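For reference, model-v3.txt (compact mmCIF, C-alpha atoms):
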# COMPACT_ATOMS: atom_id res chain seq x y z
CA MET A 1 3.13 -4.83 -23.48
CA LYS A 2 5.98 -2.75 -22.18
CA LEU A 3 7.25 -2.65 -18.59
CA TYR A 4 9.31 0.32 -17.46
CA ASN A 5 11.21 -1.03 -14.53
CA TYR A 6 14.50 -1.51 -12.69
CA PHE A 7 16.11 -4.80 -11.81
CA ARG A 8 16.50 -3.94 -8.14
CA SER A 9 13.11 -2.29 -7.60
CA SER A 10 10.90 -4.51 -5.43
CA ALA A 11 7.73 -3.07 -6.92
CA SER A 12 9.03 -3.83 -10.45
CA PHE A 13 9.96 -7.35 -9.37
CA ARG A 14 6.38 -7.96 -8.18
CA VAL A 15 5.01 -7.17 -11.63
CA ARG A 16 7.67 -9.21 -13.41
CA ILE A 17 6.64 -12.23 -11.33
CA ALA A 18 2.98 -11.79 -12.29
CA LEU A 19 3.85 -11.45 -15.98
CA GLU A 20 5.99 -14.59 -15.83
CA LEU A 21 3.39 -16.58 -13.89
CA LYS A 22 0.85 -15.74 -16.58
CA GLY A 23 3.32 -16.40 -19.39
CA LEU A 24 2.83 -12.94 -20.86
CA PRO A 25 5.65 -11.63 -23.05
CA TYR A 26 6.69 -8.00 -22.54
CA ASP A 27 9.33 -5.50 -23.57
CA TYR A 28 11.67 -4.77 -20.67
CA VAL A 29 12.50 -1.05 -20.59
CA PRO A 30 15.12 -0.31 -17.91
CA VAL A 31 14.85 2.88 -15.85
CA HIS A 32 17.98 3.28 -13.74
CA LEU A 33 16.65 4.49 -10.39
CA ALA A 34 20.04 4.82 -8.72
CA LYS A 35 21.17 7.10 -11.57
CA GLY A 36 17.95 9.10 -11.32
CA GLU A 37 16.64 8.20 -14.77
CA HIS A 38 13.09 8.24 -13.38
CA LEU A 39 13.48 11.99 -12.80
CA GLN A 40 14.46 12.72 -16.43
CA PRO A 41 11.91 14.36 -18.76
CA HIS A 42 11.59 11.31 -21.02
CA TYR A 43 10.31 9.24 -18.11
CA ALA A 44 7.99 11.97 -16.86
CA ALA A 45 6.24 11.66 -20.23
CA VAL A 46 5.66 7.97 -19.46
CA SER A 47 4.81 8.35 -15.77
CA PRO A 48 3.69 11.67 -14.29
CA THR A 49 4.38 10.30 -10.80
CA ARG A 50 8.01 9.46 -11.77
CA LEU A 51 7.53 6.14 -9.99
CA VAL A 52 8.60 2.73 -11.25
CA PRO A 53 7.17 0.37 -12.53
CA THR A 54 4.85 1.53 -15.30
CA LEU A 55 3.07 -0.96 -17.53
CA VAL A 56 2.00 0.17 -20.99
CA ASN A 57 -0.60 -2.22 -22.36
CA ASP A 58 -1.23 -3.13 -26.00
CA ALA A 59 -3.74 -0.28 -26.30
CA GLN A 60 -0.94 2.09 -25.17
CA GLU A 61 -2.70 2.73 -21.85
CA ARG A 62 -0.32 3.50 -19.02
CA LEU A 63 -0.78 1.84 -15.64
CA GLY A 64 1.07 2.56 -12.40
CA GLN A 65 1.37 1.06 -8.90
CA SER A 66 2.46 -2.55 -8.80
CA MET A 67 -0.52 -4.09 -6.96
CA ALA A 68 -2.96 -2.25 -9.24
CA ILE A 69 -1.03 -3.50 -12.29
CA ILE A 70 -1.12 -7.09 -11.03
CA GLU A 71 -4.88 -6.92 -10.34
CA TYR A 72 -5.31 -5.53 -13.87
CA LEU A 73 -3.33 -8.41 -15.35
CA ASP A 74 -5.39 -10.86 -13.30
CA GLU A 75 -8.64 -9.39 -14.62
CA VAL A 76 -7.58 -9.25 -18.27
CA TYR A 77 -5.56 -12.50 -18.34
CA PRO A 78 -7.34 -14.59 -15.70
CA GLN A 79 -5.25 -17.79 -15.94
CA PRO A 80 -3.50 -18.80 -13.79
CA ALA A 81 -5.43 -16.82 -11.19
CA LEU A 82 -3.43 -14.73 -8.72
CA LEU A 83 -6.38 -14.27 -6.37
CA PRO A 84 -8.70 -16.87 -4.82
CA THR A 85 -12.30 -17.07 -6.05
CA ASP A 86 -14.07 -16.39 -2.72
CA ALA A 87 -14.35 -12.90 -1.27
CA VAL A 88 -12.79 -13.74 2.10
CA GLY A 89 -9.87 -15.54 0.47
CA ARG A 90 -9.32 -12.59 -1.85
CA ALA A 91 -9.36 -10.24 1.12
CA GLN A 92 -6.82 -12.40 2.95
CA VAL A 93 -4.46 -12.46 -0.03
CA ARG A 94 -4.81 -8.72 -0.60
CA ALA A 95 -4.18 -8.07 3.09
CA LEU A 96 -0.97 -10.10 2.98
CA ALA A 97 0.18 -8.23 -0.13
CA GLN A 98 -0.64 -4.92 1.55
CA LEU A 99 1.24 -5.91 4.70
CA VAL A 100 4.34 -5.87 2.51
CA ALA A 101 3.39 -3.04 0.17
CA CYS A 102 1.92 -0.65 2.77
CA GLU A 103 3.73 -1.55 6.00
CA ILE A 104 7.27 -2.60 5.03
CA HIS A 105 8.39 -1.54 1.59
CA PRO A 106 7.41 2.17 1.72
CA LEU A 107 9.72 2.67 4.68
CA ASN A 108 12.65 1.03 2.98
CA ASN A 109 12.73 2.26 -0.56
CA LEU A 110 15.59 4.22 -2.02
CA ARG A 111 14.13 7.71 -1.75
CA VAL A 112 13.24 7.26 1.91
CA LEU A 113 16.68 5.94 2.83
CA LYS A 114 18.21 8.87 0.92
CA TYR A 115 16.06 11.35 2.85
CA LEU A 116 17.15 9.83 6.16
CA VAL A 117 20.80 10.26 5.24
CA ARG A 118 20.72 13.58 3.39
CA GLU A 119 18.02 15.54 5.20
CA ILE A 120 18.09 14.06 8.68
CA GLY A 121 21.78 13.16 8.67
CA VAL A 122 21.48 9.67 10.12
CA SER A 123 24.54 7.44 10.16
CA GLU A 124 24.90 4.36 7.97
CA ASP A 125 24.31 2.25 11.09
CA ALA A 126 21.15 4.10 12.06
CA LYS A 127 19.87 3.81 8.49
CA ASN A 128 20.47 0.07 8.50
CA SER A 129 18.81 -0.29 11.91
CA TRP A 130 15.79 1.58 10.58
CA TYR A 131 15.69 -0.72 7.58
CA ARG A 132 15.97 -3.91 9.58
CA HIS A 133 13.49 -2.74 12.21
CA TRP A 134 10.65 -2.24 9.74
CA VAL A 135 11.39 -5.42 7.81
CA ARG A 136 11.39 -7.40 11.04
CA VAL A 137 8.24 -5.84 12.51
CA GLY A 138 6.48 -6.23 9.18
CA LEU A 139 7.48 -9.83 8.59
CA GLU A 140 6.52 -10.79 12.14
CA ALA A 141 3.05 -9.43 11.39
CA PHE A 142 3.07 -11.32 8.09
CA GLU A 143 4.01 -14.55 9.85
CA ALA A 144 1.30 -13.98 12.49
CA GLU A 145 -1.27 -13.67 9.69
CA LEU A 146 -0.01 -16.81 7.93
CA ALA A 147 -0.22 -18.71 11.23
CA GLN A 148 -4.00 -18.09 11.24
CA LEU A 149 -4.47 -19.65 7.80
CA PRO A 150 -4.74 -23.37 6.95
CA PRO A 151 -1.42 -25.05 6.06
CA SER A 152 -0.32 -24.18 2.52
CA THR A 153 2.63 -24.46 0.16
CA TYR A 154 2.58 -20.80 -0.82
CA CYS A 155 1.38 -17.83 1.22
CA TRP A 156 -2.24 -18.75 0.56
CA GLY A 157 -3.13 -22.12 -0.88
CA GLU A 158 -1.38 -24.38 -3.35
CA THR A 159 -0.64 -21.90 -6.13
CA PRO A 160 1.18 -18.57 -6.03
CA THR A 161 -0.93 -15.46 -5.51
CA LEU A 162 -0.57 -11.69 -5.35
CA ALA A 163 0.75 -12.23 -1.79
CA ASP A 164 3.71 -14.25 -3.08
CA CYS A 165 4.36 -11.63 -5.79
CA CYS A 166 4.85 -9.11 -2.97
CA LEU A 167 6.60 -11.30 -0.40
CA VAL A 168 9.42 -12.63 -2.57
CA PRO A 169 10.85 -9.23 -3.63
CA GLN A 170 10.71 -8.07 -0.02
CA ILE A 171 12.81 -11.05 1.08
CA PHE A 172 15.34 -10.36 -1.68
CA ASN A 173 15.47 -6.74 -0.60
CA GLY A 174 15.90 -7.69 3.05
CA GLN A 175 18.70 -10.11 2.20
CA ARG A 176 20.70 -7.20 0.72
CA PHE A 177 20.48 -5.37 4.05
CA GLY A 178 21.12 -8.39 6.27
CA ALA A 179 17.61 -8.46 7.75
CA ASP A 180 16.78 -11.13 10.32
CA PHE A 181 14.53 -13.87 8.91
CA SER A 182 14.75 -16.26 11.86
CA GLY A 183 11.58 -17.60 13.47
CA LEU A 184 9.42 -16.99 10.40
CA PRO A 185 8.76 -20.59 9.34
CA ARG A 186 5.69 -20.19 7.15
CA THR A 187 6.92 -16.99 5.53
CA MET A 188 10.27 -18.48 4.59
CA ALA A 189 8.73 -21.79 3.48
CA ALA A 190 6.49 -19.85 1.07
CA PHE A 191 9.51 -17.92 -0.17
CA GLU A 192 11.49 -21.12 -0.76
CA ALA A 193 8.55 -22.76 -2.54
CA CYS A 194 8.21 -19.76 -4.85
CA MET A 195 11.89 -19.76 -5.69
CA GLN A 196 11.58 -23.33 -6.98
CA LEU A 197 9.35 -22.04 -9.77
CA PRO A 198 10.79 -20.88 -13.11
CA ALA A 199 8.53 -17.78 -13.11
CA PHE A 200 10.13 -16.44 -9.94
CA GLN A 201 13.61 -17.35 -11.16
CA LYS A 202 13.08 -15.55 -14.48
CA ALA A 203 11.75 -12.46 -12.71
CA GLN A 204 14.54 -12.14 -10.14
CA PRO A 205 17.03 -9.25 -10.35
CA SER A 206 19.93 -11.45 -11.46
CA SER A 207 17.91 -12.54 -14.51
CA CYS A 208 17.17 -8.97 -15.62
CA PRO A 209 18.87 -7.40 -18.64
CA ASP A 210 19.92 -4.35 -16.57
CA ASN A 211 21.29 -6.45 -13.69
CA GLU A 212 24.50 -5.20 -12.09
CA PRO A 213 26.17 -8.00 -10.16
CA MET B 1 -20.37 -6.37 11.32
CA LYS B 2 -17.91 -4.98 13.80
CA LEU B 3 -15.14 -2.46 13.04
CA TYR B 4 -12.22 -2.20 15.42
CA ASN B 5 -10.88 1.26 14.75
CA TYR B 6 -9.70 4.61 16.05
CA PHE B 7 -11.23 7.97 15.24
CA ARG B 8 -7.93 9.51 14.17
CA SER B 9 -6.56 6.53 12.19
CA SER B 10 -6.56 7.31 8.47
CA ALA B 11 -6.84 3.66 7.55
CA SER B 12 -9.87 3.28 9.84
CA PHE B 13 -11.43 6.40 8.34
CA ARG B 14 -11.14 4.88 4.82
CA VAL B 15 -13.18 1.86 5.86
CA ARG B 16 -15.76 3.96 7.72
CA ILE B 17 -16.32 5.96 4.52
CA ALA B 18 -16.87 2.77 2.50
CA LEU B 19 -19.32 1.41 5.09
CA GLU B 20 -21.25 4.70 5.10
CA LEU B 21 -21.28 4.97 1.29
CA LYS B 22 -22.81 1.49 1.15
CA GLY B 23 -25.21 2.21 3.99
CA LEU B 24 -23.96 -0.78 5.99
CA PRO B 25 -24.58 -0.64 9.74
CA TYR B 26 -21.69 -1.72 11.99
CA ASP B 27 -20.62 -1.83 15.60
CA TYR B 28 -17.90 0.72 16.28
CA VAL B 29 -15.29 -0.75 18.63
CA PRO B 30 -12.72 1.88 19.59
CA VAL B 31 -9.04 0.89 19.93
CA HIS B 32 -7.09 3.79 21.40
CA LEU B 33 -3.86 3.80 19.38
CA ALA B 34 -2.27 6.71 21.22
CA LYS B 35 -2.76 4.85 24.53
CA GLY B 36 -1.36 1.66 22.98
CA GLU B 37 -4.57 -0.37 23.27
CA HIS B 38 -3.69 -2.14 20.00
CA LEU B 39 -0.72 -3.71 21.80
CA GLN B 40 -2.84 -5.16 24.62
CA PRO B 41 -3.53 -8.93 24.65
CA HIS B 42 -7.28 -8.52 24.06
CA TYR B 43 -6.59 -6.83 20.73
CA ALA B 44 -3.93 -9.36 19.72
CA ALA B 45 -6.70 -11.95 19.91
CA VAL B 46 -8.65 -9.90 17.35
CA SER B 47 -5.72 -8.95 15.13
CA PRO B 48 -2.43 -10.85 15.16
CA THR B 49 -0.77 -7.95 13.33
CA ARG B 50 -1.91 -5.50 16.06
CA LEU B 51 -2.86 -3.11 13.28
CA VAL B 52 -6.05 -1.07 13.05
CA PRO B 53 -8.64 -1.34 11.48
CA THR B 54 -10.00 -4.87 11.68
CA LEU B 55 -13.41 -5.73 10.26
CA VAL B 56 -15.22 -8.75 11.69
CA ASN B 57 -17.97 -9.82 9.30
CA ASP B 58 -21.28 -11.46 10.17
CA ALA B 59 -19.67 -14.91 9.83
CA GLN B 60 -17.11 -13.79 12.46
CA GLU B 61 -14.32 -13.78 9.88
CA ARG B 62 -11.64 -11.24 10.64
CA LEU B 63 -10.27 -9.01 7.86
CA GLY B 64 -7.34 -6.61 7.99
CA GLN B 65 -5.76 -3.91 5.80
CA SER B 66 -8.10 -1.09 4.83
CA MET B 67 -7.91 -1.39 1.03
CA ALA B 68 -8.44 -5.16 1.22
CA ILE B 69 -11.44 -4.60 3.51
CA ILE B 70 -12.95 -2.04 1.11
CA GLU B 71 -12.50 -4.36 -1.88
CA TYR B 72 -14.17 -7.11 0.17
CA LEU B 73 -17.12 -4.85 0.97
CA ASP B 74 -17.36 -3.90 -2.70
CA GLU B 75 -17.47 -7.55 -3.75
CA VAL B 76 -20.02 -8.65 -1.14
CA TYR B 77 -22.17 -5.50 -1.16
CA PRO B 78 -21.74 -4.27 -4.75
CA GLN B 79 -24.00 -1.18 -4.61
CA PRO B 80 -23.01 1.61 -4.85
CA ALA B 81 -19.84 0.42 -6.60
CA LEU B 82 -16.54 1.78 -5.33
CA LEU B 83 -14.61 0.66 -8.42
CA PRO B 84 -15.36 1.27 -12.11
CA THR B 85 -16.55 -1.64 -14.26
CA ASP B 86 -13.72 -1.63 -16.83
CA ALA B 87 -10.29 -3.09 -16.07
CA VAL B 88 -8.32 0.05 -16.95
CA GLY B 89 -10.60 2.26 -14.88
CA ARG B 90 -10.30 -0.14 -11.97
CA ALA B 91 -6.52 -0.06 -12.30
CA GLN B 92 -6.53 3.74 -12.34
CA VAL B 93 -8.65 3.95 -9.20
CA ARG B 94 -6.56 1.34 -7.40
CA ALA B 95 -3.37 3.16 -8.41
CA LEU B 96 -4.70 6.43 -6.96
CA ALA B 97 -5.65 4.67 -3.74
CA GLN B 98 -2.21 3.07 -3.56
CA LEU B 99 -0.50 6.39 -4.17
CA VAL B 100 -1.95 7.42 -0.82
CA ALA B 101 -1.78 4.07 0.96
CA CYS B 102 1.68 2.98 -0.23
CA GLU B 103 3.51 6.26 -0.89
CA ILE B 104 2.26 8.78 1.68
CA HIS B 105 0.48 7.30 4.66
CA PRO B 106 3.05 4.61 5.64
CA LEU B 107 5.67 7.32 6.15
CA ASN B 108 3.44 9.40 8.36
CA ASN B 109 1.68 7.08 10.69
CA LEU B 110 2.06 7.22 14.43
CA ARG B 111 4.55 4.40 14.89
CA VAL B 112 6.90 5.80 12.25
CA LEU B 113 6.83 9.31 13.71
CA LYS B 114 7.48 7.79 17.15
CA TYR B 115 10.48 5.86 15.82
CA LEU B 116 11.93 9.03 14.30
CA VAL B 117 11.71 10.84 17.62
CA ARG B 118 12.60 8.05 20.04
CA GLU B 119 15.14 5.97 18.11
CA ILE B 120 16.71 8.51 15.77
CA GLY B 121 16.25 11.49 18.06
CA VAL B 122 14.93 13.93 15.47
CA SER B 123 13.58 17.28 16.66
CA GLU B 124 9.90 18.20 16.52
CA ASP B 125 10.74 20.48 13.58
CA ALA B 126 12.57 17.77 11.63
CA LYS B 127 9.70 15.36 12.29
CA ASN B 128 7.20 17.86 10.96
CA SER B 129 9.39 18.56 7.91
CA TRP B 130 9.53 14.82 7.21
CA TYR B 131 5.78 14.62 7.51
CA ARG B 132 5.09 17.58 5.23
CA HIS B 133 7.71 16.49 2.70
CA TRP B 134 6.10 13.09 2.05
CA VAL B 135 2.57 14.48 2.00
CA ARG B 136 3.60 17.13 -0.48
CA VAL B 137 5.59 14.81 -2.78
CA GLY B 138 2.81 12.25 -2.64
CA LEU B 139 -0.02 14.67 -3.33
CA GLU B 140 1.89 16.25 -6.22
CA ALA B 141 2.12 12.78 -7.76
CA PHE B 142 -1.60 12.28 -7.04
CA GLU B 143 -2.44 15.58 -8.74
CA ALA B 144 -0.25 14.66 -11.73
CA GLU B 145 -2.21 11.43 -12.13
CA LEU B 146 -5.57 13.19 -11.84
CA ALA B 147 -4.43 15.68 -14.50
CA GLN B 148 -4.18 12.77 -16.98
CA LEU B 149 -7.79 11.71 -16.42
CA PRO B 150 -10.94 13.21 -17.97
CA PRO B 151 -12.59 15.97 -15.90
CA SER B 152 -14.55 14.52 -12.97
CA THR B 153 -16.35 15.57 -9.80
CA TYR B 154 -14.59 13.02 -7.62
CA CYS B 155 -11.12 11.52 -8.07
CA TRP B 156 -12.38 9.26 -10.85
CA GLY B 157 -15.78 9.87 -12.42
CA GLU B 158 -19.04 11.13 -11.01
CA THR B 159 -19.36 8.92 -7.96
CA PRO B 160 -16.94 8.34 -5.06
CA THR B 161 -14.55 5.40 -5.38
CA LEU B 162 -11.86 3.63 -3.41
CA ALA B 163 -9.57 6.50 -4.41
CA ASP B 164 -11.75 9.04 -2.58
CA CYS B 165 -11.94 6.70 0.45
CA CYS B 166 -8.14 6.97 0.65
CA LEU B 167 -7.66 10.61 -0.34
CA VAL B 168 -10.03 12.22 2.14
CA PRO B 169 -8.44 10.78 5.33
CA GLN B 170 -5.00 11.77 4.02
CA ILE B 171 -6.14 15.38 3.62
CA PHE B 172 -7.59 15.39 7.14
CA ASN B 173 -4.32 13.96 8.43
CA GLY B 174 -2.28 16.54 6.52
CA GLN B 175 -4.41 19.37 7.87
CA ARG B 176 -3.44 18.41 11.42
CA PHE B 177 0.23 18.82 10.53
CA GLY B 178 -0.14 21.99 8.48
CA ALA B 179 0.72 20.35 5.16
CA ASP B 180 0.76 22.53 2.03
CA PHE B 181 -2.22 21.86 -0.24
CA SER B 182 -1.65 24.76 -2.65
CA GLY B 183 -1.50 24.11 -6.40
CA LEU B 184 -3.47 20.85 -6.21
CA PRO B 185 -6.71 21.93 -7.88
CA ARG B 186 -8.18 18.57 -8.89
CA THR B 187 -7.14 16.85 -5.68
CA MET B 188 -8.69 19.51 -3.48
CA ALA B 189 -11.83 19.78 -5.64
CA ALA B 190 -12.38 16.03 -5.22
CA PHE B 191 -11.85 16.41 -1.47
CA GLU B 192 -14.37 19.26 -1.27
CA ALA B 193 -16.91 17.33 -3.35
CA CYS B 194 -16.58 14.32 -1.05
CA MET B 195 -17.06 16.43 2.06
CA GLN B 196 -20.42 17.61 0.75
CA LEU B 197 -21.69 14.03 1.08
CA PRO B 198 -23.30 12.77 4.30
CA ALA B 199 -21.31 9.50 4.12
CA PHE B 200 -17.99 11.34 4.41
CA GLN B 201 -19.35 13.62 7.11
CA LYS B 202 -20.60 10.69 9.18
CA ALA B 203 -17.26 8.88 8.83
CA GLN B 204 -15.03 11.82 9.79
CA PRO B 205 -13.13 11.77 13.09
CA SER B 206 -15.30 14.45 14.71
CA SER B 207 -18.37 12.25 14.17
CA CYS B 208 -16.80 9.20 15.87
CA PRO B 209 -17.89 8.03 19.32
CA ASP B 210 -14.25 8.02 20.54
CA ASN B 211 -13.49 11.50 19.16
CA GLU B 212 -11.36 13.73 21.35
CA PRO B 213 -11.79 17.36 20.32
Go ahead and render the structure in this file as structure tokens.
Amino acid sequence: MKLYNYFRSSASFRVRIALELKGLPYDYVPVHLAKGEHLQPHYAAVSPTRLVPTLVNDAQERLGQSMAIIEYLDEVYPQPALLPTDAVGRAQVRALAQLVACEIHPLNNLRVLKYLVREIGVSEDAKNSWYRHWVRVGLEAFEAELAQLPPSTYCWGETPTLADCCLVPQIFNGQRFGADFSGLPRTMAAFEACMQLPAFQKAQPSSCPDNEP
Amino acid sequence: MKLYNYFRSSASFRVRIALELKGLPYDYVPVHLAKGEHLQPHYAAVSPTRLVPTLVNDAQERLGQSMAIIEYLDEVYPQPALLPTDAVGRAQVRALAQLVACEIHPLNNLRVLKYLVREIGVSEDAKNSWYRHWVRVGLEAFEAELAQLPPSTYCWGETPTLADCCLVPQIFNGQRFGADFSGLPRTMAAFEACMQLPAFQKAQPSSCPDNEP
């Protein structure tokens, strides 16, 4: 398999975690988002949406959107499972993942921050306030959801799930912008537990071949 | 089952479509987002995230996030299926749904538009440009993905899927803001095909008990 991705992209990081958790080897193909490589013709041939990541499977089929890719991996390579076996548990894990992927991350990715600065003309301060606002509001909702669930080591249960694949990159991303993580005990405990695991360590930006310190 | 929702909420509309496609009866509980009812204590007791929609199933379990709810319904009430049977097809449908739910809608929902106006002080024009920009960029990506798939009546294949549940509310939403839908032949053909079906008609905002013309 081949993963077109970028060390700093949260959505790429999610998929790298899933691949590592399942012990699946893959070719790492860097696409430098900050340099606009995703907008070059050679990447358009890989991904018509120009978005990162793209997974190309062994049958040369091209898959986009990080949560869809992770669900695909979980269906084709079921062990270790990244979703619970019962329908309500699966819905809870997917909802947690979507709280990050639909409520926080879309507001904070590179192209949105660029639009705020270039098209709307917001100051660096206003951009950072925007960033921190949505991370904070989103993680408070995430924490409120976790507080309704039974005690657990990870976001849901005693093994990492799709929810952890989404949470951890969001925390990394937030750390770069100085987001406020106080008063989020279960969220941060799940993050810390994940970061003890080699799979999360191997997937993190600083372990990537295209990492820029 | 009980669905806490709002006639104009795109995420609510997605779930209403899925419920109608499956012929599942439900109690419609309106939560008036524009009046801030989702921030009142009685709704916090239903949904700790304060987000709409929330589905409460017959076992009184509470489920959030529209795509997670639809996947739950598809697992518990499998007919008619809202996802293909093969893993790649499922990944393609989920990716289309996520193109709407992770790339377009989060930038355009009410709380984000409010933040732009109240906190950043953008003009009505700049707000509308922001809105139309992300709808356009997102739908162009959606169209580019559809163009890679075999010809189909709906977004994917000959029956409506999760992708259609997400696309149709986004088109309705875009229509309210005068978004540009030109040059999106497959996207708009799928939309038109969906709107021929009673399930989509019954789920649309103008059919809701809390509709305000």
Surrounding residues of Gln65 of chain B excluding itself and chain neighbours under 6 positions, 10 Å, only C-alpha atoms, as a ChimeraX atom specification: /A:91-92,94-99,102-103 /B:11-12,15,49,51-55
Report task. Up to 9 Å from chain A, what residues of chain B turn up? Count only C-alpha atoms and give them as a PyMOL selection string. Result -> chain B and resi 47-51+61-73+75-76+87-88+90-96+98-99+101-107+112+115+119-120+122+126+130+138+140-145+148
Keeping only C-alpha atoms, take the residues you just selected and write them out as a short mmCIF file (atom, residue, chain, number, x, y, z; two decimals), in the frame of the given file.
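That gives us result_21.cif:
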data_model
loop_
_atom_site.label_atom_id
_atom_site.label_comp_id
_atom_site.auth_asym_id
_atom_site.auth_seq_id
_atom_site.Cartn_x
_atom_site.Cartn_y
_atom_site.Cartn_z
CA SER B 47 -5.72 -8.95 15.13
CA PRO B 48 -2.43 -10.85 15.16
CA THR B 49 -0.77 -7.95 13.33
CA ARG B 50 -1.91 -5.50 16.06
CA LEU B 51 -2.86 -3.11 13.28
CA GLU B 61 -14.32 -13.78 9.88
CA ARG B 62 -11.64 -11.24 10.64
CA LEU B 63 -10.27 -9.01 7.86
CA GLY B 64 -7.34 -6.61 7.99
CA GLN B 65 -5.76 -3.91 5.80
CA SER B 66 -8.10 -1.09 4.83
CA MET B 67 -7.91 -1.39 1.03
CA ALA B 68 -8.44 -5.16 1.22
CA ILE B 69 -11.44 -4.60 3.51
CA ILE B 70 -12.95 -2.04 1.11
CA GLU B 71 -12.50 -4.36 -1.88
CA TYR B 72 -14.17 -7.11 0.17
CA LEU B 73 -17.12 -4.85 0.97
CA GLU B 75 -17.47 -7.55 -3.75
CA VAL B 76 -20.02 -8.65 -1.14
CA ALA B 87 -10.29 -3.09 -16.07
CA VAL B 88 -8.32 0.05 -16.95
CA ARG B 90 -10.30 -0.14 -11.97
CA ALA B 91 -6.52 -0.06 -12.30
CA GLN B 92 -6.53 3.74 -12.34
CA VAL B 93 -8.65 3.95 -9.20
CA ARG B 94 -6.56 1.34 -7.40
CA ALA B 95 -3.37 3.16 -8.41
CA LEU B 96 -4.70 6.43 -6.96
CA GLN B 98 -2.21 3.07 -3.56
CA LEU B 99 -0.50 6.39 -4.17
CA ALA B 101 -1.78 4.07 0.96
CA CYS B 102 1.68 2.98 -0.23
CA GLU B 103 3.51 6.26 -0.89
CA ILE B 104 2.26 8.78 1.68
CA HIS B 105 0.48 7.30 4.66
CA PRO B 106 3.05 4.61 5.64
CA LEU B 107 5.67 7.32 6.15
CA VAL B 112 6.90 5.80 12.25
CA TYR B 115 10.48 5.86 15.82
CA GLU B 119 15.14 5.97 18.11
CA ILE B 120 16.71 8.51 15.77
CA VAL B 122 14.93 13.93 15.47
CA ALA B 126 12.57 17.77 11.63
CA TRP B 130 9.53 14.82 7.21
CA GLY B 138 2.81 12.25 -2.64
CA GLU B 140 1.89 16.25 -6.22
CA ALA B 141 2.12 12.78 -7.76
CA PHE B 142 -1.60 12.28 -7.04
CA GLU B 143 -2.44 15.58 -8.74
CA ALA B 144 -0.25 14.66 -11.73
CA GLU B 145 -2.21 11.43 -12.13
CA GLN B 148 -4.18 12.77 -16.98
#
| query | How would you write as a list in words the residues that get within 9 Å of (-17.9, 11.2, -3.6) in the file's frame, counting all atoms listed in the file? | reply |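 Taken together, the residues in range are Leu21, Thr153, Tyr154, Cys155, Glu158, Thr159, Pro160, Thr161, Asp164, Cys165, Ala190, Phe191, Ala193, Cys194, Met195, Gln196, Leu197, Ala199 and Phe200 of chain B.
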Discussion item. Show me, as a VMD selection string, the residues that have an atom within 12 Å of segment 205-208 of chain B when counting all atoms listed in the file, minus same-chain residues fewer than 3 positions from it.
Written reply: chain B and resid 5 to 14 16 to 17 27 to 30 168 to 169 172 to 173 176 198 to 202 211 to 213
Using only C-alpha atoms, the best pick from B:Leu19, B:Ala34, B:Val135, B:Met1 as closest to Leu110 of chain B would be B:Ala34
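Picture a line from atom CA of Gly174 of chain A to atom CA of Ala81 of chain A; it runs 27.2 Å.
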For atom CA of Ile171 of chain B and atom CA of Thr187 of chain B, quote the distance in Å rounded to one decimal.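 Here the two named atoms are 9.5 Å from each other.
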Computed interatomic separation between atom CA of Leu83 of chain A and atom CA of Leu162 of chain A (Å) |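 It comes out at 6.4 Å.
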8 Å per side around segment 51-58 of chain B: axis-aligned box centre and edge lengths, as lines of an AutoDock Vina configuration file:
center_x = -12.1
center_y = -6.3
center_z = 11.3
size_x = 34.4
size_y = 26.4
size_z = 20.0
### Task
Go through B:Gln170, B:Asp58, B:Ala203, B:Lys2 one by one, measure the shortest atom-to-atom distance of each to Met188 of chain B using only C-alpha atoms, and give the residue with the smallest value.
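Residue with the minimum atom-to-atom distance to Met188 of chain B: B:Gln170.
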